[in-house]
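Take a look at the structure below.
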Amino acid sequence: MNTLKFKTNIKCGNCVAAVTPHINALSGIDSWIVDLKDPNRTLTVKTDEADAESVKKAVETAGYKAEAV
């Protein structure tokens with residue numbers, strides 16, 4: 001299992017709700033979480049199949065930014 005991390009501009013629970021269907025639509029995502037207390041709003045994704053680019057595109061489709069760290 002791979003762990004992917006991204007710096008995002010996701011700021012609140014409503015932002016997480018907006019991103020949820022886009023990330024959940026990706027194949028091979030085991031789990032994911034956004035640390036809203038972290039100043040970088042780190043998105044951590046555990047996956048067997050999805051790559052960093054597909055996760056980044058899913059977040060951007062929802063209207064947010066994601067930068068791999």
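To be explicit about the labels: the chains of the structure tokens are called A, B, and onward in the order shown, and within each one the residues are counted from 1, while ligands get numbers from 1 in the order they are shown.
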- request: Give me the residues within 6 Å of Gly28 in chain A as a PyMOL selection string, counting only C-alpha atoms and dropping any in the same chain fewer than 3 places off.
  value: chain A and resi 47-50
- prompt: Do you know which residues are at most 12 Å from Ala52 in chain A counting only C-alpha atoms, after dropping those on the same chain fewer than 5 positions away, and could you put them as a list in words?
  reply: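 Counting only C-alpha atoms, the residues come to Asn2, Thr3, Leu4, Lys5, Phe6, Lys7, Ile23, Leu26, Ile29, Leu43, Thr44, Val45, Lys46, Thr47, Lys57, Ala58, Val59, Ala66, Glu67, Ala68 and Val69 of chain A.
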With C-alpha atoms retained, export the selected residues as a PDB file, in the first residue's frame.
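Printed below is result33.pdb as written:
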ATOM      1  CA  ASN A   2       1.265   3.457  -0.924  1.00  0.00           C
ATOM      2  CA  THR A   3       0.765   6.572   1.177  1.00  0.00           C
ATOM      3  CA  LEU A   4       0.481   9.801  -0.815  1.00  0.00           C
ATOM      4  CA  LYS A   5       0.611  13.227   0.854  1.00  0.00           C
ATOM      5  CA  PHE A   6      -0.442  16.579  -0.528  1.00  0.00           C
ATOM      6  CA  LYS A   7      -0.391  20.164   0.666  1.00  0.00           C
ATOM      7  CA  ILE A  23     -11.626  11.265  -4.264  1.00  0.00           C
ATOM      8  CA  LEU A  26     -10.943   7.029  -7.738  1.00  0.00           C
ATOM      9  CA  ILE A  29      -8.354   4.273  -2.583  1.00  0.00           C
ATOM     10  CA  LEU A  43      -4.263  15.347   2.540  1.00  0.00           C
ATOM     11  CA  THR A  44      -3.069  11.795   3.217  1.00  0.00           C
ATOM     12  CA  VAL A  45      -4.253   9.071   0.837  1.00  0.00           C
ATOM     13  CA  LYS A  46      -3.647   5.340   1.301  1.00  0.00           C
ATOM     14  CA  THR A  47      -3.978   3.481  -1.982  1.00  0.00           C
ATOM     15  CA  LYS A  57      -6.660  16.002 -10.568  1.00  0.00           C
ATOM     16  CA  ALA A  58      -9.580  14.817  -8.406  1.00  0.00           C
ATOM     17  CA  VAL A  59      -8.894  17.562  -5.845  1.00  0.00           C
ATOM     18  CA  ALA A  66      -3.100  19.902  -4.183  1.00  0.00           C
ATOM     19  CA  GLU A  67       0.682  19.809  -4.268  1.00  0.00           C
ATOM     20  CA  ALA A  68       2.503  16.529  -3.663  1.00  0.00           C
ATOM     21  CA  VAL A  69       4.880  16.612  -0.699  1.00  0.00           C
TER      22      VAL A  69
END
- request: Could you check which of A:Asp30, A:Glu60, A:Asn24, A:Leu36 is closest to Cys12 in chain A, using only C-alpha atoms?
  value: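 Of A:Asp30, A:Glu60, A:Asn24, A:Leu36, the one nearest Cys12 in chain A, counting only C-alpha atoms, is A:Leu36.
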task: Can you check which residues of chain A DSSP gives as helix (DSSP H, G or I) on the backbone and send them as a list in words?
output: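 Of chain A, only Gly13, Asn14, Cys15, Val16, Ala17, Ala18, Val19, Thr20, Pro21, His22, Ile23, Asn24, Ala52, Glu53, Ser54, Val55, Lys56, Lys57, Ala58, Val59, Glu60 and Thr61 of chain A fall in helix (DSSP H, G or I).
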- prompt: Of the candidates A:Val19, A:Asp35, A:Gly13, A:Met1, which shows the shortest atom-to-atom distance to Gly63 in chain A, using only C-alpha atoms?
  reply: A:Val19
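Computed from the coordinates, the CA of Cys15 in chain A to CA of Ser27 in chain A distance equals 21.3 Å.
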- request: Quick one: pick out all strand (DSSP E or B) residues within chain A from a backbone DSSP run and write them as a list of chain:residue names.
  value: A:Asn2, A:Thr3, A:Leu4, A:Lys5, A:Phe6, A:Lys7, A:Thr8, A:Ile29, A:Asp30, A:Ser31, A:Trp32, A:Ile33, A:Val34, A:Leu43, A:Thr44, A:Val45, A:Lys46, A:Thr47, A:Ala66, A:Glu67, A:Ala68
May I have the residues from that selection written out with C-alpha atoms, as a short mmCIF file (atom, residue, chain, number, x, y, z; two decimals), in the first residue's frame?
data_model
loop_
_atom_site.label_atom_id
_atom_site.label_comp_id
_atom_site.auth_asym_id
_atom_site.auth_seq_id
_atom_site.Cartn_x
_atom_site.Cartn_y
_atom_site.Cartn_z
CA ASN A 2 1.27 3.46 -0.92
CA THR A 3 0.76 6.57 1.18
CA LEU A 4 0.48 9.80 -0.82
CA LYS A 5 0.61 13.23 0.85
CA PHE A 6 -0.44 16.58 -0.53
CA LYS A 7 -0.39 20.16 0.67
CA THR A 8 -3.87 21.57 -0.05
CA ILE A 29 -8.35 4.27 -2.58
CA ASP A 30 -8.25 2.48 0.76
CA SER A 31 -8.63 5.56 2.96
CA TRP A 32 -7.94 9.28 2.99
CA ILE A 33 -8.05 12.17 5.45
CA VAL A 34 -7.38 15.91 5.47
CA LEU A 43 -4.26 15.35 2.54
CA THR A 44 -3.07 11.79 3.22
CA VAL A 45 -4.25 9.07 0.84
CA LYS A 46 -3.65 5.34 1.30
CA THR A 47 -3.98 3.48 -1.98
CA ALA A 66 -3.10 19.90 -4.18
CA GLU A 67 0.68 19.81 -4.27
CA ALA A 68 2.50 16.53 -3.66
#
- request: Tell me, in Å to one decimal, how far CA of Glu53 in chain A is from CA of Ala25 in chain A.
  value: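 Separation between CA of Glu53 in chain A and CA of Ala25 in chain A: 14.3 Å.
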CA of Lys65 in chain A to CA of Asn9 in chain A, distance in Å rounded to a single decimal: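 Rounded to one decimal, the two atoms are 5.7 Å apart.
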